[in-house]
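Okay, structure first, notes after.
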Amino acid sequence: MRTDPMRVLHAYLTALPETAGILVSASLIDRVKGQPSIILDGTGGYRVIRHRADRVDFTINTYHRSMREAADLAYVLREHLLEDLPGTVAGGGLVLDVTEVHSPFHLADMTSGEYRYVAAVALYLTDAST
C-alpha cells in the first residue's frame, strides 16, 4: 500500500463542515496561539494484510479558545471518525474501519497554556484503487 495515511485523514477532516476555518495540520508550524486547530500526530501502525491493508494510529489534538469549545470540537470529530469515516474514500485511500484507542480527554498544552483535548484512533485502510 502506497497511500499516505496522513493525506487520507487530512482530506477527510478538512472536508467536514465543522472544520471550516479551523487549521488542520500535521505540525504546529505556522499555527498562531489561540487559533482553533486540529493537529494530527501519526504514532505508528502496522501492515494488516500484505499489499492490501494497513492499520495506522493517530493522536488527534484539538485546540480552541475555551475548554468547552475544545471539548465540543473533539467530540464532534470523534463522532465523525467513528460513525462516518468507515467506508469513505478520501485522499486516495479507502478507510475500511476506525477504532478508538482512547476517547478525548482534557490535557492543557504545557508550552502554550492553551485548552487542548487529546484523542487517539486507529484507521484501517487500503488504496482506493484496490
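In the C-alpha cells, the first chain shown is A, the next is B, and so on; residue numbers restart at 1 for each chain, and ligands run from 1 in the order shown.
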
**Item:** Surrounding residues of A:Ile39 excluding itself and chain neighbours under 4 positions, 10 Å, only C-alpha atoms, as a list in words
**Value:**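 The contact residues come out as His10, Leu23, Val24, Ser25, Ala26, Ser27, Leu28, Arg31, Phe58, Thr59, Ile60, Asn61, Thr62, Tyr63 and Val118 of chain A.
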
Written file, previous selection with N, CA, C and O atoms, as a CSV table (one decimal), in the first residue's frame:
```
chain,number,residue,atom,x,y,z
A,10,HIS,N,-6.3,13.9,6.7
A,10,HIS,CA,-6.3,15.4,6.5
A,10,HIS,C,-7.4,15.7,5.5
A,10,HIS,O,-8.2,16.7,5.7
A,23,LEU,N,-7.7,25.3,11.4
A,23,LEU,CA,-6.4,24.8,10.9
A,23,LEU,C,-6.4,23.3,11.2
A,23,LEU,O,-6.6,22.8,12.3
A,24,VAL,N,-6.1,22.5,10.1
A,24,VAL,CA,-5.9,21.1,10.3
A,24,VAL,C,-4.5,20.8,9.7
A,24,VAL,O,-4.2,21.1,8.6
A,25,SER,N,-3.6,20.3,10.6
A,25,SER,CA,-2.2,20.2,10.2
A,25,SER,C,-1.5,19.0,10.9
A,25,SER,O,-2.0,18.5,11.9
A,26,ALA,N,-0.4,18.7,10.3
A,26,ALA,CA,0.4,17.6,10.9
A,26,ALA,C,1.5,18.2,11.8
A,26,ALA,O,2.4,17.5,12.3
A,27,SER,N,1.5,19.5,12.0
A,27,SER,CA,2.5,20.1,12.8
A,27,SER,C,2.0,21.5,13.4
A,27,SER,O,1.0,22.0,12.9
A,28,LEU,N,2.7,22.0,14.3
A,28,LEU,CA,2.4,23.3,14.9
A,28,LEU,C,3.0,24.4,14.2
A,28,LEU,O,2.8,25.6,14.5
A,31,ARG,N,1.2,27.8,13.1
A,31,ARG,CA,0.0,27.9,14.0
A,31,ARG,C,0.2,29.1,14.9
A,31,ARG,O,1.2,29.3,15.5
A,58,PHE,N,-3.3,7.4,15.0
A,58,PHE,CA,-3.1,8.8,15.1
A,58,PHE,C,-3.5,9.3,16.4
A,58,PHE,O,-4.5,8.9,17.0
A,59,THR,N,-2.8,10.3,16.9
A,59,THR,CA,-3.2,11.1,18.1
A,59,THR,C,-3.8,12.4,17.5
A,59,THR,O,-3.2,13.0,16.6
A,60,ILE,N,-4.9,12.8,18.0
A,60,ILE,CA,-5.6,14.0,17.5
A,60,ILE,C,-5.7,15.0,18.6
A,60,ILE,O,-6.4,14.7,19.6
A,61,ASN,N,-5.1,16.1,18.4
A,61,ASN,CA,-5.1,17.2,19.4
A,61,ASN,C,-6.0,18.3,18.9
A,61,ASN,O,-5.8,18.8,17.8
A,62,THR,N,-7.0,18.7,19.7
A,62,THR,CA,-7.9,19.8,19.3
A,62,THR,C,-7.7,20.9,20.2
A,62,THR,O,-7.7,20.8,21.5
A,63,TYR,N,-7.4,22.1,19.6
A,63,TYR,CA,-7.2,23.3,20.4
A,63,TYR,C,-8.3,24.3,20.1
A,63,TYR,O,-8.8,24.3,18.9
A,118,VAL,N,-7.2,15.7,23.8
A,118,VAL,CA,-6.4,14.7,23.0
A,118,VAL,C,-7.2,13.4,22.9
A,118,VAL,O,-7.8,12.9,23.9
```

**Who sits within 6 Å of A:Ala90, only C-alpha atoms, same chain under 4 positions skipped, as a list in words** =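 Returned residues: Val8, Ala11 and Tyr12 of chain A.
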
**Item:** Backbone DSSP call of alpha helix (DSSP H) for stretch 1-129 of chain A, listed as a ChimeraX atom specification
**Value:** /A:5-14,67-79

Residue subset to file, keeping N, CA and C atoms, as a PDB file, in the first residue's frame:
```pdb
ATOM      1  N   PRO A   5      -1.280   7.828   4.772  1.00  0.00           N
ATOM      2  CA  PRO A   5      -2.421   7.888   5.701  1.00  0.00           C
ATOM      3  C   PRO A   5      -2.706   9.302   6.216  1.00  0.00           C
ATOM      4  N   MET A   6      -1.660  10.115   6.342  1.00  0.00           N
ATOM      5  CA  MET A   6      -1.864  11.492   6.796  1.00  0.00           C
ATOM      6  C   MET A   6      -2.701  12.256   5.771  1.00  0.00           C
ATOM      7  N   ARG A   7      -2.448  12.020   4.497  1.00  0.00           N
ATOM      8  CA  ARG A   7      -3.217  12.677   3.437  1.00  0.00           C
ATOM      9  C   ARG A   7      -4.681  12.241   3.499  1.00  0.00           C
ATOM     10  N   VAL A   8      -4.918  10.973   3.798  1.00  0.00           N
ATOM     11  CA  VAL A   8      -6.286  10.447   3.897  1.00  0.00           C
ATOM     12  C   VAL A   8      -7.045  11.156   5.021  1.00  0.00           C
ATOM     13  N   LEU A   9      -6.459  11.174   6.204  1.00  0.00           N
ATOM     14  CA  LEU A   9      -7.133  11.776   7.356  1.00  0.00           C
ATOM     15  C   LEU A   9      -7.288  13.285   7.180  1.00  0.00           C
ATOM     16  N   HIS A  10      -6.260  13.939   6.678  1.00  0.00           N
ATOM     17  CA  HIS A  10      -6.315  15.385   6.451  1.00  0.00           C
ATOM     18  C   HIS A  10      -7.418  15.729   5.451  1.00  0.00           C
ATOM     19  N   ALA A  11      -7.478  14.997   4.351  1.00  0.00           N
ATOM     20  CA  ALA A  11      -8.508  15.261   3.329  1.00  0.00           C
ATOM     21  C   ALA A  11      -9.909  15.095   3.909  1.00  0.00           C
ATOM     22  N   TYR A  12     -10.104  14.067   4.712  1.00  0.00           N
ATOM     23  CA  TYR A  12     -11.423  13.838   5.305  1.00  0.00           C
ATOM     24  C   TYR A  12     -11.793  14.975   6.266  1.00  0.00           C
ATOM     25  N   LEU A  13     -10.878  15.308   7.167  1.00  0.00           N
ATOM     26  CA  LEU A  13     -11.190  16.310   8.188  1.00  0.00           C
ATOM     27  C   LEU A  13     -11.396  17.699   7.608  1.00  0.00           C
ATOM     28  N   THR A  14     -10.625  18.064   6.601  1.00  0.00           N
ATOM     29  CA  THR A  14     -10.776  19.410   6.031  1.00  0.00           C
ATOM     30  C   THR A  14     -12.056  19.553   5.210  1.00  0.00           C
ATOM     31  N   MET A  67     -12.143  25.744  27.035  1.00  0.00           N
ATOM     32  CA  MET A  67     -12.169  24.304  27.278  1.00  0.00           C
ATOM     33  C   MET A  67     -13.427  23.692  26.656  1.00  0.00           C
ATOM     34  N   ARG A  68     -14.538  24.377  26.798  1.00  0.00           N
ATOM     35  CA  ARG A  68     -15.793  23.853  26.239  1.00  0.00           C
ATOM     36  C   ARG A  68     -15.716  23.720  24.719  1.00  0.00           C
ATOM     37  N   GLU A  69     -15.177  24.742  24.040  1.00  0.00           N
ATOM     38  CA  GLU A  69     -15.057  24.692  22.579  1.00  0.00           C
ATOM     39  C   GLU A  69     -14.087  23.602  22.134  1.00  0.00           C
ATOM     40  N   ALA A  70     -13.001  23.419  22.879  1.00  0.00           N
ATOM     41  CA  ALA A  70     -12.043  22.344  22.555  1.00  0.00           C
ATOM     42  C   ALA A  70     -12.710  20.981  22.722  1.00  0.00           C
ATOM     43  N   ALA A  71     -13.490  20.826  23.788  1.00  0.00           N
ATOM     44  CA  ALA A  71     -14.201  19.567  24.027  1.00  0.00           C
ATOM     45  C   ALA A  71     -15.252  19.329  22.945  1.00  0.00           C
ATOM     46  N   ASP A  72     -16.022  20.362  22.623  1.00  0.00           N
ATOM     47  CA  ASP A  72     -17.054  20.221  21.591  1.00  0.00           C
ATOM     48  C   ASP A  72     -16.440  19.774  20.266  1.00  0.00           C
ATOM     49  N   LEU A  73     -15.338  20.396  19.880  1.00  0.00           N
ATOM     50  CA  LEU A  73     -14.672  20.028  18.630  1.00  0.00           C
ATOM     51  C   LEU A  73     -14.154  18.596  18.698  1.00  0.00           C
ATOM     52  N   ALA A  74     -13.555  18.229  19.812  1.00  0.00           N
ATOM     53  CA  ALA A  74     -13.015  16.872  19.962  1.00  0.00           C
ATOM     54  C   ALA A  74     -14.110  15.817  19.843  1.00  0.00           C
ATOM     55  N   TYR A  75     -15.250  16.068  20.444  1.00  0.00           N
ATOM     56  CA  TYR A  75     -16.331  15.078  20.410  1.00  0.00           C
ATOM     57  C   TYR A  75     -17.081  15.058  19.074  1.00  0.00           C
ATOM     58  N   VAL A  76     -17.129  16.186  18.383  1.00  0.00           N
ATOM     59  CA  VAL A  76     -17.679  16.191  17.019  1.00  0.00           C
ATOM     60  C   VAL A  76     -16.777  15.356  16.109  1.00  0.00           C
ATOM     61  N   LEU A  77     -15.467  15.551  16.224  1.00  0.00           N
ATOM     62  CA  LEU A  77     -14.524  14.762  15.421  1.00  0.00           C
ATOM     63  C   LEU A  77     -14.650  13.279  15.752  1.00  0.00           C
ATOM     64  N   ARG A  78     -14.759  12.962  17.036  1.00  0.00           N
ATOM     65  CA  ARG A  78     -14.898  11.566  17.450  1.00  0.00           C
ATOM     66  C   ARG A  78     -16.091  10.920  16.759  1.00  0.00           C
ATOM     67  N   GLU A  79     -17.228  11.616  16.768  1.00  0.00           N
ATOM     68  CA  GLU A  79     -18.430  11.069  16.145  1.00  0.00           C
ATOM     69  C   GLU A  79     -18.219  10.845  14.648  1.00  0.00           C
TER      70      GLU A  79
END
```

**Request:** Find, counting only C-alpha atoms, the residue in A:His64, A:Ala128, A:Arg47, A:Ser112 that gets nearest to A:Ile22.
**Result:**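 The closest residue to A:Ile22 is A:His64.
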
**Request:** Using DSSP on the backbone coordinates, identify the residues of chain A assigned to strand (DSSP E or B); present them as a PyMOL selection string.
**Result:** chain A and resi 23-25+37-49+53-64+89-90+93-106+115-127

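When atom CA of A:Pro104 is paired with atom CA of A:Ser66, their separation reads 15.2 Å.
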